[in-house]
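Next comes work-v2.cif, a file with mmCIF, C-alpha atoms and all ligand atoms.
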```cif
data_run
#
loop_
_atom_site.group_PDB
_atom_site.id
_atom_site.type_symbol
_atom_site.label_atom_id
_atom_site.label_comp_id
_atom_site.auth_asym_id
_atom_site.auth_seq_id
_atom_site.Cartn_x
_atom_site.Cartn_y
_atom_site.Cartn_z
ATOM 1 C CA MET W 257 5.061 16.679 26.591
ATOM 2 C CA SER W 258 2.194 19.167 26.858
ATOM 3 C CA VAL W 259 1.910 19.235 23.035
ATOM 4 C CA VAL W 260 1.446 15.431 23.022
ATOM 5 C CA PHE W 261 -1.033 15.703 25.919
ATOM 6 C CA ASN W 262 -3.088 18.389 24.115
ATOM 7 C CA ARG W 263 -3.096 16.349 20.912
ATOM 8 C CA GLU W 264 -4.354 13.300 22.807
ATOM 9 C CA ILE W 265 -7.169 15.326 24.418
ATOM 10 C CA ALA W 266 -8.164 16.816 21.050
ATOM 11 C CA CYS W 267 -8.108 13.333 19.494
ATOM 12 C CA TYR W 268 -10.365 11.851 22.241
ATOM 13 C CA PHE W 269 -12.708 14.808 21.906
ATOM 14 C CA LEU W 270 -13.027 14.660 18.086
ATOM 15 C CA ALA W 271 -13.116 10.888 17.397
ATOM 16 C CA PRO W 272 -12.923 8.841 20.596
ATOM 17 C CA LYS W 273 -13.285 5.367 19.020
ATOM 18 C CA LEU W 274 -10.737 6.025 16.277
ATOM 19 C CA CYS W 275 -8.431 7.591 18.839
ATOM 20 C CA ILE W 276 -8.579 4.591 21.196
ATOM 21 C CA ALA W 277 -8.037 2.178 18.275
ATOM 22 C CA THR W 278 -5.028 4.204 17.070
ATOM 23 C CA MET W 279 -3.504 4.310 20.575
ATOM 24 C CA LYS W 280 -3.964 0.536 20.932
ATOM 25 C CA LEU W 281 -2.327 -0.012 17.536
ATOM 26 C CA ILE W 282 0.642 2.217 18.431
ATOM 27 C CA LYS W 283 1.045 0.326 21.725
ATOM 28 C CA LEU W 284 0.872 -3.018 19.909
ATOM 29 C CA LEU W 285 3.440 -1.966 17.299
ATOM 30 C CA ASP W 286 5.720 -0.788 20.103
ATOM 31 C CA SER W 287 5.699 -4.090 22.002
ATOM 32 C CA THR W 288 7.994 -7.021 21.159
ATOM 33 C CA VAL W 289 5.082 -9.473 20.905
ATOM 34 C CA GLY W 290 3.073 -7.053 18.734
ATOM 35 C CA GLN W 291 6.000 -6.523 16.359
ATOM 36 C CA LYS W 292 6.541 -10.284 16.028
ATOM 37 C CA VAL W 293 2.843 -10.926 15.373
ATOM 38 C CA VAL W 294 2.581 -8.130 12.765
ATOM 39 C CA ALA W 295 5.836 -9.264 11.064
ATOM 40 C CA GLY W 296 4.558 -12.872 10.952
ATOM 41 C CA ALA W 297 1.046 -11.980 9.762
ATOM 42 C CA THR W 298 2.274 -9.588 7.035
ATOM 43 C CA GLY W 299 4.897 -12.180 5.986
ATOM 44 C CA LEU W 300 2.234 -14.885 5.587
ATOM 45 C CA ALA W 301 -0.021 -12.469 3.665
ATOM 46 C CA LEU W 302 2.932 -11.793 1.304
ATOM 47 C CA VAL W 303 3.374 -15.575 0.860
ATOM 48 C CA GLY W 304 -0.334 -15.645 -0.134
ATOM 49 C CA PHE W 305 0.404 -12.957 -2.745
ATOM 50 C CA LEU W 306 3.370 -15.009 -4.031
ATOM 51 C CA LEU W 307 1.183 -18.115 -4.474
ATOM 52 C CA VAL W 308 -1.446 -16.150 -6.422
ATOM 53 C CA HIS W 309 1.220 -14.383 -8.519
ATOM 54 C CA MET W 310 2.985 -17.679 -9.238
ATOM 55 C CA GLY W 311 -0.330 -19.232 -10.352
ATOM 56 C CA GLY W 312 -0.912 -16.267 -12.680
ATOM 57 C CA ASN W 313 2.604 -16.533 -14.158
ATOM 58 C CA LEU W 314 2.141 -20.244 -14.885
ATOM 59 C CA GLN W 315 -0.594 -19.289 -17.367
ATOM 60 C CA ILE W 316 2.286 -18.680 -19.761
ATOM 61 C CA PHE W 317 2.210 -22.459 -20.357
ATOM 62 C CA ALA W 318 -1.396 -22.127 -21.594
ATOM 63 C CA GLY W 319 -0.171 -19.781 -24.362
ATOM 64 C CA SER W 320 -0.060 -16.069 -25.097
ATOM 65 C CA ASP W 321 -3.840 -15.638 -25.348
ATOM 66 C CA ALA W 322 -4.403 -17.018 -21.810
ATOM 67 C CA LEU W 323 -1.618 -14.916 -20.248
ATOM 68 C CA ASN W 324 -2.517 -11.682 -22.045
ATOM 69 C CA GLN W 325 -6.207 -12.117 -21.181
ATOM 70 C CA TYR W 326 -5.282 -12.743 -17.530
ATOM 71 C CA ALA W 327 -3.228 -9.508 -17.532
ATOM 72 C CA VAL W 328 -6.232 -7.614 -18.978
ATOM 73 C CA LEU W 329 -8.458 -9.077 -16.242
ATOM 74 C CA LEU W 330 -6.030 -7.944 -13.509
ATOM 75 C CA LYS W 331 -6.188 -4.367 -14.783
ATOM 76 C CA SER W 332 -9.892 -4.257 -15.718
ATOM 77 C CA SER W 333 -10.805 -2.108 -12.717
ATOM 78 C CA ALA W 334 -8.465 0.758 -11.814
ATOM 79 C CA ALA W 335 -10.062 1.019 -8.348
ATOM 80 C CA VAL W 336 -9.483 -2.689 -7.544
ATOM 81 C CA LEU W 337 -5.968 -2.598 -9.030
ATOM 82 C CA TRP W 338 -4.876 0.440 -6.989
ATOM 83 C CA THR W 339 -6.521 -0.858 -3.792
ATOM 84 C CA ALA W 340 -4.603 -4.129 -4.222
ATOM 85 C CA ARG W 341 -1.359 -2.276 -4.995
ATOM 86 C CA LEU W 342 -1.704 -0.010 -1.939
ATOM 87 C CA GLY W 343 -2.588 -3.038 0.224
ATOM 88 C CA LEU W 344 0.498 -4.858 -1.024
ATOM 89 C CA LEU W 345 2.694 -1.810 -0.453
ATOM 90 C CA SER W 346 1.351 -1.437 3.123
ATOM 91 C CA LEU W 347 2.113 -5.116 3.807
ATOM 92 C CA ILE W 348 5.678 -4.719 2.528
ATOM 93 C CA VAL W 349 6.300 -1.489 4.496
ATOM 94 C CA LEU W 350 4.835 -2.931 7.732
ATOM 95 C CA HIS W 351 6.786 -6.188 7.299
ATOM 96 C CA ILE W 352 10.101 -4.369 6.804
ATOM 97 C CA ALA W 353 9.440 -1.831 9.605
ATOM 98 C CA MET W 354 8.559 -4.549 12.143
ATOM 99 C CA THR W 355 11.461 -6.861 11.279
ATOM 100 C CA VAL W 356 13.999 -4.001 11.335
ATOM 101 C CA ARG W 357 12.691 -2.763 14.723
ATOM 102 C CA GLN W 358 12.924 -6.270 16.169
ATOM 103 C CA SER W 359 16.451 -6.710 14.878
ATOM 104 C CA VAL W 360 17.572 -3.337 16.313
ATOM 105 C CA ARG W 361 15.921 -4.145 19.658
ATOM 106 C CA ASN W 362 17.493 -7.637 19.768
ATOM 107 C CA ARG W 363 20.911 -6.189 19.078
ATOM 108 C CA SER W 364 20.702 -3.583 21.815
ATOM 109 C CA GLN W 365 19.399 -6.070 24.394
ATOM 110 C CA ARG W 366 21.442 -9.110 23.360
ATOM 111 C CA ASP W 367 23.608 -9.475 26.455
ATOM 112 C CA ARG W 368 20.716 -9.219 28.845
ATOM 113 C CA ARG W 369 18.268 -11.420 26.952
ATOM 114 C CA TYR W 370 20.114 -14.407 25.565
ATOM 115 C CA ALA W 371 22.482 -17.064 26.805
ATOM 116 C CA LYS W 372 25.667 -17.015 24.674
ATOM 117 C CA THR W 373 24.967 -20.037 22.444
ATOM 118 C CA THR W 374 21.310 -19.179 21.830
ATOM 119 C CA TYR W 375 22.334 -15.640 20.953
ATOM 120 C CA ARG W 376 24.862 -16.844 18.366
ATOM 121 C CA ARG W 377 22.246 -19.012 16.674
ATOM 122 C CA THR W 378 19.636 -16.242 16.814
ATOM 123 C CA THR W 379 21.869 -13.542 15.327
ATOM 124 C CA ARG W 380 23.131 -15.848 12.556
ATOM 125 C CA ALA W 381 19.544 -16.626 11.547
ATOM 126 C CA SER W 382 18.407 -13.016 11.836
ATOM 127 C CA ARG W 383 21.457 -11.720 9.932
ATOM 128 C CA SER W 384 20.735 -14.184 7.131
ATOM 129 C CA MET W 385 17.066 -13.060 7.135
ATOM 130 C CA MET W 386 18.143 -9.409 6.881
ATOM 131 C CA MET W 387 20.597 -10.128 4.027
ATOM 132 C CA THR W 388 18.160 -12.264 2.018
ATOM 133 C CA GLY W 389 15.345 -9.786 2.796
ATOM 134 C CA LEU W 390 17.454 -6.955 1.328
ATOM 135 C CA LEU W 391 18.239 -9.114 -1.708
ATOM 136 C CA VAL W 392 14.510 -9.810 -2.245
ATOM 137 C CA LEU W 393 13.724 -6.084 -1.867
ATOM 138 C CA ALA W 394 16.386 -5.202 -4.479
ATOM 139 C CA PHE W 395 14.930 -7.896 -6.762
ATOM 140 C CA VAL W 396 11.362 -6.548 -6.351
ATOM 141 C CA ILE W 397 12.528 -3.007 -7.244
ATOM 142 C CA PHE W 398 14.301 -4.322 -10.375
ATOM 143 C CA HIS W 399 11.247 -6.481 -11.221
ATOM 144 C CA LEU W 400 8.833 -3.535 -10.935
ATOM 145 C CA LEU W 401 11.093 -1.358 -13.119
ATOM 146 C CA HIS W 402 11.218 -4.233 -15.621
ATOM 147 C CA PHE W 403 7.672 -5.627 -15.990
ATOM 148 C CA THR W 404 5.428 -3.003 -14.366
ATOM 149 C CA GLY W 405 7.280 0.202 -15.298
ATOM 150 C CA GLY W 406 8.733 -1.049 -18.606
ATOM 151 C CA LEU W 407 11.987 0.801 -17.903
ATOM 152 C CA ILE W 408 14.479 -2.067 -18.297
ATOM 153 C CA LEU W 409 13.585 -3.251 -21.837
ATOM 154 C CA PRO W 410 11.171 -0.485 -22.925
ATOM 155 C CA ASP W 411 10.697 -1.743 -26.491
ATOM 156 C CA ALA W 412 9.706 -5.233 -25.383
ATOM 157 C CA TYR W 413 7.233 -3.625 -22.946
ATOM 158 C CA LYS W 414 5.475 -1.614 -25.703
ATOM 159 C CA GLN W 415 4.270 -4.631 -27.714
ATOM 160 C CA THR W 416 0.601 -5.392 -28.316
ATOM 161 C CA ASP W 417 -0.859 -8.703 -29.523
ATOM 162 C CA ALA W 418 -3.228 -9.335 -32.468
ATOM 163 C CA GLU W 419 -6.172 -8.386 -30.214
ATOM 164 C CA GLY W 420 -4.535 -5.062 -29.338
ATOM 165 C CA ARG W 421 -3.866 -6.150 -25.726
ATOM 166 C CA HIS W 422 -0.610 -5.515 -23.888
ATOM 167 C CA ASP W 423 1.521 -8.468 -25.052
ATOM 168 C CA VAL W 424 2.711 -9.619 -21.621
ATOM 169 C CA TYR W 425 3.651 -13.016 -23.108
ATOM 170 C CA ALA W 426 6.023 -11.503 -25.694
ATOM 171 C CA MET W 427 7.381 -9.098 -23.056
ATOM 172 C CA VAL W 428 8.232 -11.999 -20.719
ATOM 173 C CA VAL W 429 9.818 -14.051 -23.552
ATOM 174 C CA ALA W 430 11.886 -11.041 -24.705
ATOM 175 C CA GLY W 431 12.941 -10.371 -21.082
ATOM 176 C CA PHE W 432 14.150 -13.909 -20.438
ATOM 177 C CA SER W 433 15.940 -14.042 -23.791
ATOM 178 C CA ASN W 434 18.439 -11.679 -22.173
ATOM 179 C CA PRO W 435 21.077 -13.585 -20.093
ATOM 180 C CA PHE W 436 21.631 -10.664 -17.669
ATOM 181 C CA ILE W 437 17.915 -10.551 -16.824
ATOM 182 C CA VAL W 438 17.797 -14.345 -16.375
ATOM 183 C CA MET W 439 20.768 -14.082 -13.980
ATOM 184 C CA VAL W 440 19.041 -11.337 -11.935
ATOM 185 C CA TYR W 441 15.883 -13.475 -11.618
ATOM 186 C CA VAL W 442 17.789 -16.650 -10.681
ATOM 187 C CA VAL W 443 19.800 -14.805 -7.982
ATOM 188 C CA GLY W 444 16.592 -13.109 -6.733
ATOM 189 C CA MET W 445 14.798 -16.464 -6.514
ATOM 190 C CA LEU W 446 17.739 -18.065 -4.656
ATOM 191 C CA GLY W 447 17.580 -15.232 -2.091
ATOM 192 C CA LEU W 448 13.817 -15.621 -1.841
ATOM 193 C CA SER W 449 14.121 -19.396 -1.303
ATOM 194 C CA VAL W 450 16.527 -18.983 1.657
ATOM 195 C CA HIS W 451 14.316 -16.220 3.099
ATOM 196 C CA LEU W 452 11.087 -18.228 2.756
ATOM 197 C CA LYS W 453 12.548 -21.476 4.112
ATOM 198 C CA HIS W 454 13.132 -19.890 7.512
ATOM 199 C CA ALA W 455 10.380 -17.249 7.373
ATOM 200 C CA ILE W 456 7.342 -19.486 6.837
ATOM 201 C CA SER W 457 8.001 -21.811 9.795
ATOM 202 C CA SER W 458 9.036 -18.882 12.005
ATOM 203 C CA ALA W 459 5.830 -16.960 11.187
ATOM 204 C CA LEU W 460 3.662 -20.045 11.798
ATOM 205 C CA GLN W 461 5.353 -20.507 15.163
ATOM 206 C CA THR W 462 4.922 -16.841 16.169
ATOM 207 C CA LEU W 463 1.245 -16.932 15.279
ATOM 208 C CA GLY W 464 0.776 -20.131 17.307
ATOM 209 C CA LEU W 465 0.009 -22.240 14.228
ATOM 210 C CA ALA W 466 3.003 -24.520 14.815
ATOM 211 C CA LYS W 467 4.288 -25.430 18.240
ATOM 212 C CA GLU W 468 7.907 -24.766 19.194
ATOM 213 C CA GLY W 469 9.915 -27.811 20.221
ATOM 214 C CA HIS W 470 8.216 -30.521 18.214
ATOM 215 C CA GLN W 471 7.826 -30.493 14.468
ATOM 216 C CA SER W 472 4.160 -30.083 13.629
ATOM 217 C CA SER W 473 3.130 -31.133 10.137
ATOM 218 C CA LEU W 474 2.587 -27.442 9.278
ATOM 219 C CA ARG W 475 6.178 -26.644 10.235
ATOM 220 C CA LYS W 476 7.502 -29.624 8.291
ATOM 221 C CA ALA W 477 5.552 -28.414 5.253
ATOM 222 C CA SER W 478 7.245 -24.968 5.305
ATOM 223 C CA PRO W 479 10.394 -25.883 3.312
ATOM 224 C CA VAL W 480 8.211 -27.825 0.865
ATOM 225 C CA LEU W 481 5.981 -24.771 0.351
ATOM 226 C CA ALA W 482 9.076 -22.566 -0.120
ATOM 227 C CA ALA W 483 10.450 -25.050 -2.703
ATOM 228 C CA VAL W 484 7.116 -25.146 -4.597
ATOM 229 C CA ILE W 485 7.012 -21.321 -4.779
ATOM 230 C CA ILE W 486 10.587 -21.042 -6.038
ATOM 231 C CA ALA W 487 10.154 -23.884 -8.571
ATOM 232 C CA GLY W 488 6.941 -22.244 -9.841
ATOM 233 C CA PHE W 489 8.649 -18.872 -10.326
ATOM 234 C CA LEU W 490 11.860 -20.305 -11.839
ATOM 235 C CA ALA W 491 9.844 -22.443 -14.281
ATOM 236 C CA VAL W 492 9.089 -19.332 -16.390
ATOM 237 C CA PRO W 493 12.617 -17.999 -17.104
ATOM 238 C CA LEU W 494 14.021 -21.538 -17.411
ATOM 239 C CA SER W 495 11.323 -22.501 -19.948
ATOM 240 C CA VAL W 496 12.225 -19.499 -22.089
ATOM 241 C CA VAL W 497 15.953 -20.290 -21.819
ATOM 242 C CA THR W 498 15.367 -23.924 -22.871
ATOM 243 C CA GLY W 499 13.001 -22.913 -25.703
ATOM 244 C CA LEU W 500 9.952 -24.621 -24.158
ATOM 245 C CA VAL W 501 8.209 -21.242 -24.219
ATOM 246 C CA ALA W 502 8.828 -19.068 -27.304
ATOM 247 C CA VAL W 503 7.168 -16.196 -29.162
ATOM 248 C CA ASP W 504 3.704 -17.224 -30.357
ATOM 249 C CA GLU W 505 3.784 -16.394 -34.093
ATOM 250 C CA VAL W 506 0.018 -16.816 -34.547
ATOM 251 C CA THR W 507 -1.277 -14.529 -31.834
ATOM 252 C CA ALA W 508 1.621 -12.050 -31.833
ATOM 253 C CA GLY W 509 0.372 -8.665 -32.914
ATOM 254 C CA GLU W 510 1.778 -5.697 -34.791
ATOM 255 C CA ALA W 511 4.889 -4.991 -32.822
ATOM 256 C CA SER W 512 6.072 -8.603 -32.716
ATOM 257 C CA SER W 513 4.742 -10.381 -35.848
ATOM 258 C CA ALA W 514 5.234 -7.419 -38.162
ATOM 259 C CA ILE W 515 8.862 -7.291 -37.139
ATOM 260 C CA GLU W 516 11.139 -9.246 -39.372
ATOM 261 C CA ALA W 517 14.551 -10.576 -38.541
ATOM 262 C CA PRO W 518 17.403 -9.144 -40.638
ATOM 263 C CA GLY W 519 17.256 -12.162 -43.043
ATOM 264 C CA GLY W 520 13.560 -11.609 -43.862
ATOM 265 C CA ASP W 521 12.233 -14.415 -41.612
ATOM 266 C CA SER W 522 10.166 -13.855 -38.482
ATOM 267 C CA ALA W 523 12.199 -12.805 -35.493
ATOM 268 C CA SER W 524 13.365 -15.414 -32.998
ATOM 269 C CA PRO W 525 13.132 -14.575 -29.286
ATOM 270 C CA ASP W 526 16.860 -13.794 -29.296
ATOM 271 C CA GLU W 527 16.453 -11.330 -32.126
ATOM 272 C CA LEU W 528 13.233 -9.901 -30.761
ATOM 273 C CA SER W 529 14.591 -7.254 -28.406
ATOM 274 C CA VAL W 530 16.899 -5.940 -31.155
ATOM 275 C CA THR W 531 14.230 -5.961 -33.882
ATOM 276 C CA VAL W 532 11.595 -4.424 -31.624
ATOM 277 C CA ALA W 533 14.033 -1.575 -30.961
ATOM 278 C CA GLU W 534 14.485 -1.077 -34.729
ATOM 279 C CA GLN W 535 10.711 -1.116 -35.286
ATOM 280 C CA THR W 536 10.172 1.493 -32.555
ATOM 281 C CA LEU W 537 12.810 3.724 -34.172
ATOM 282 C CA LYS W 538 10.987 3.414 -37.545
ATOM 283 C CA ASP W 539 7.644 4.228 -35.875
ATOM 284 C CA ASP W 540 9.171 7.256 -34.188
ATOM 285 C CA ARG W 541 10.500 8.566 -37.519
ATOM 286 C CA ARG W 542 7.049 8.196 -39.222
HETATM 287 C C1 LIG E 1 10.160 -15.478 -12.652
HETATM 288 C C2 LIG E 1 9.404 -14.935 -11.771
HETATM 289 C C3 LIG E 1 8.392 -13.848 -12.041
HETATM 290 C C4 LIG E 1 7.766 -13.498 -13.211
HETATM 291 C C5 LIG E 1 7.882 -14.121 -14.586
HETATM 292 C C6 LIG E 1 6.898 -12.384 -12.897
HETATM 293 C C7 LIG E 1 6.095 -11.732 -13.804
HETATM 294 C C8 LIG E 1 5.429 -10.536 -13.578
HETATM 295 C C9 LIG E 1 4.756 -9.743 -14.574
HETATM 296 C C10 LIG E 1 4.647 -10.113 -16.048
HETATM 297 C C11 LIG E 1 4.250 -8.651 -13.963
HETATM 298 C C12 LIG E 1 3.460 -7.494 -14.618
HETATM 299 C C13 LIG E 1 2.018 -7.882 -14.812
HETATM 300 C C14 LIG E 1 1.322 -6.845 -15.673
HETATM 301 O O1 LIG E 1 1.683 -5.680 -15.631
HETATM 302 O O2 LIG E 1 0.413 -7.235 -16.385
HETATM 303 C C15 LIG E 1 4.594 -8.736 -12.557
HETATM 304 C C16 LIG E 1 4.249 -7.823 -11.586
HETATM 305 C C17 LIG E 1 4.617 -7.917 -10.271
HETATM 306 N N1 LIG E 1 5.375 -8.901 -9.670
HETATM 307 FE FE1 LIG E 1 6.171 -10.488 -10.602
HETATM 308 N N2 LIG E 1 7.018 -12.093 -11.553
HETATM 309 C C18 LIG E 1 7.930 -12.959 -11.009
HETATM 310 C C19 LIG E 1 8.348 -13.023 -9.688
HETATM 311 C C20 LIG E 1 7.929 -12.156 -8.701
HETATM 312 C C21 LIG E 1 8.333 -12.230 -7.322
HETATM 313 C C22 LIG E 1 9.254 -13.302 -6.744
HETATM 314 C C23 LIG E 1 7.730 -11.190 -6.665
HETATM 315 C C24 LIG E 1 7.804 -10.802 -5.220
HETATM 316 C C25 LIG E 1 8.775 -11.160 -4.401
HETATM 317 C C26 LIG E 1 6.955 -10.468 -7.643
HETATM 318 C C27 LIG E 1 6.211 -9.338 -7.379
HETATM 319 C C28 LIG E 1 5.517 -8.609 -8.338
HETATM 320 C C29 LIG E 1 4.802 -7.377 -8.046
HETATM 321 C C30 LIG E 1 4.704 -6.699 -6.679
HETATM 322 C C31 LIG E 1 4.230 -6.948 -9.251
HETATM 323 C C32 LIG E 1 3.420 -5.670 -9.495
HETATM 324 C C33 LIG E 1 1.959 -5.971 -9.541
HETATM 325 C C34 LIG E 1 1.248 -4.700 -9.987
HETATM 326 O O3 LIG E 1 1.242 -4.398 -11.173
HETATM 327 O O4 LIG E 1 0.741 -4.005 -9.124
HETATM 328 N N3 LIG E 1 7.087 -11.080 -8.860
HETATM 329 N N4 LIG E 1 5.320 -9.890 -12.351
#
```

Do you think you could lay out the structure here as structure tokens?
Ligand code: HEM
Amino acid sequence: MSVVFNREIACYFLAPKLCIATMKLIKLLDSTVGQKVVAGATGLALVGFLLVHMGGNLQIFAGSDALNQYAVLLKSSAAVLWTARLGLLSLIVLHIAMTVRQSVRNRSQRDRRYAKTTYRRTTRASRSMMMTGLLVLAFVIFHLLHFTGGLILPDAYKQTDAEGRHDVYAMVVAGFSNPFIVMVYVVGMLGLSVHLKHAISSALQTLGLAKEGHQSSLRKASPVLAAVIIAGFLAVPLSVVTGLVAVDEVTAGEASSAIEAPGGDSASPDELSVTVAEQTLKDDRR
């Protein structure tokens, strides 16, 4: 107790404004209303990220040059890239921390706070949010290991295009030529769709942007927005599976165009991950 008291005095003495702001923030994050507001606001900010990311992914339909150039643009400034990454990470951590705290609090106070029927409905919804949230988190970890870390299909990750840029286009095509990876993305997107359907309208309501009781147009638009996001994300793997998007032979660079399929012809997307592996082995031996 006296340690906390002394720390508070030292804090007020050294940086009073920062100290008061920090205390207010701690108080806010400790209150039920504060936790709901922070969970809703961080959730909506993450939806904003999803919309931007989905828009970027759809550049695959403009061809490999457009997508690879977009990827170069995203990484052109290390300072901006790492600020954005840390911002995104903070949003995710805050969102998870606030929703878990609310769920724990609701559970411990359930008998006192809710009438029986309301409680049943509330816990079913919150349990489904927790399950789908965990599924989305598992998907994001897999996704980062796959496309950002290059640890799932490392040879597909190493490719460069004719301009010497990271060949994100070929990496995505090689990734979705693998049925296991397609399955992981489809399951991840299904989890995300269930999570978003409930989360968007709930966040809008918490933040006072949609009134409880009657369906405002914003609330009615929530499932539509969730469906648009999921359709936009699923469009990429499904286009590779159906052959609508395939390896661009003209702009593919060393690692992809120089690779030949076992028969002497250029590699098809299906053969790509195998032939890229062979090429990397040859390079390693040289
Ligand atoms: C089929 C759907 C998706 C595709 C094709 C896709 C594609 C990609 C690609 C290619 C990258 C790496 C970009 C680069 O290094 O140049 C990336 C990064 C990332 N994606 Fe996705 N993505 C999809 C869905 C999602 C979803 C649903 C989420 C979140 C729930 C997500 C979150 C991220 C994050 C956090 C990064 C890391 C950004 C960074 O490098 O800092 N992605 N994605």

Give me the residues within 9 Å of range 276-283 of chain W as a VMD selection string, counting only C-alpha atoms and dropping any in the same chain fewer than 6 places off. chain W and resid 267 to 268 290

List all protein, DNA and RNA residues that have at least one atom no more than 7 Å from any atom of ligand LIG 1 (chain E), counting all atoms listed in the file, and write them as an MDAnalysis selection string. chainID W and resid 306 309 313 327 337 341 392 396 399:400 403:404 424 428 441 445 489:490 492:493

Determine the residue membership of the PyMOL selection byres (((chain W and resi 314) around 12) and not hetatm) for the file above and supply it as a ChimeraX atom specification. /W:307-313,315-320,322-323,326,425,428,485,487-493,495,501

Computed interatomic separation between CA of Gln415 in chain W and CA of Ala334 in chain W (Å): 21.1 Å

Going by the chain IDs and residue numbers used in this file, which residues fall under the PyMOL selection byres (((chain W and resi 347-359) around 12) and not hetatm)? Write them as number ranges by chain. W: 284-305, 340-346, 360-366, 378-387, 389-390, 392-393, 396, 455, 459

With distances taken over all atoms listed in the file, which residue among W:Ser332, W:Ala483, W:Tyr413, W:Ile456 lies nearest Leu401 in chain W?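 Checking each candidate against Leu401 in chain W, we get W:Tyr413 as the closest.
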
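CA of Phe395 in chain W lies 14.4 Å from CA of Leu407 in chain W.
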
One decimal, in Å: what's the spacing between CA of Ser433 in chain W and CA of Val496 in chain W?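 CA of Val496 in chain W lies at a distance of 6.8 Å from CA of Ser433 in chain W.
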
Resolved residues for the PyMOL selection byres (((chain W and resi 443) around 12) and not hetatm) as a VMD selection string: chain W and resid 388 391 to 392 394 to 396 436 to 442 444 to 450 486 490

Missing atoms in range 431-443 of chain W need filling: write out N, CA and C atoms for it as a short mmCIF file (atom, residue, chain, number, x, y, z; two decimals), in the frame of the given file.
```cif
data_model
loop_
_atom_site.label_atom_id
_atom_site.label_comp_id
_atom_site.auth_asym_id
_atom_site.auth_seq_id
_atom_site.Cartn_x
_atom_site.Cartn_y
_atom_site.Cartn_z
N GLY W 431 12.17 -10.62 -22.31
CA GLY W 431 12.94 -10.37 -21.08
C GLY W 431 13.88 -11.53 -20.78
N PHE W 432 13.34 -12.75 -20.81
CA PHE W 432 14.15 -13.91 -20.44
C PHE W 432 14.99 -14.44 -21.60
N SER W 433 15.00 -13.72 -22.71
CA SER W 433 15.94 -14.04 -23.79
C SER W 433 17.24 -13.28 -23.56
N ASN W 434 17.25 -12.46 -22.51
CA ASN W 434 18.44 -11.68 -22.17
C ASN W 434 19.14 -12.34 -20.97
N PRO W 435 20.39 -12.83 -21.16
CA PRO W 435 21.08 -13.58 -20.09
C PRO W 435 21.25 -12.79 -18.79
N PHE W 436 21.45 -11.45 -18.90
CA PHE W 436 21.63 -10.66 -17.67
C PHE W 436 20.33 -10.69 -16.85
N ILE W 437 19.21 -10.55 -17.54
CA ILE W 437 17.92 -10.55 -16.82
C ILE W 437 17.65 -11.92 -16.20
N VAL W 438 17.99 -12.99 -16.93
CA VAL W 438 17.80 -14.34 -16.38
C VAL W 438 18.64 -14.48 -15.10
N MET W 439 19.88 -13.98 -15.14
CA MET W 439 20.77 -14.08 -13.98
C MET W 439 20.17 -13.33 -12.77
N VAL W 440 19.64 -12.12 -13.03
CA VAL W 440 19.04 -11.34 -11.94
C VAL W 440 17.88 -12.12 -11.31
N TYR W 441 17.04 -12.74 -12.15
CA TYR W 441 15.88 -13.48 -11.62
C TYR W 441 16.32 -14.73 -10.85
N VAL W 442 17.34 -15.43 -11.37
CA VAL W 442 17.79 -16.65 -10.68
C VAL W 442 18.37 -16.28 -9.31
N VAL W 443 19.21 -15.23 -9.27
CA VAL W 443 19.80 -14.80 -7.98
C VAL W 443 18.69 -14.34 -7.03
#
```
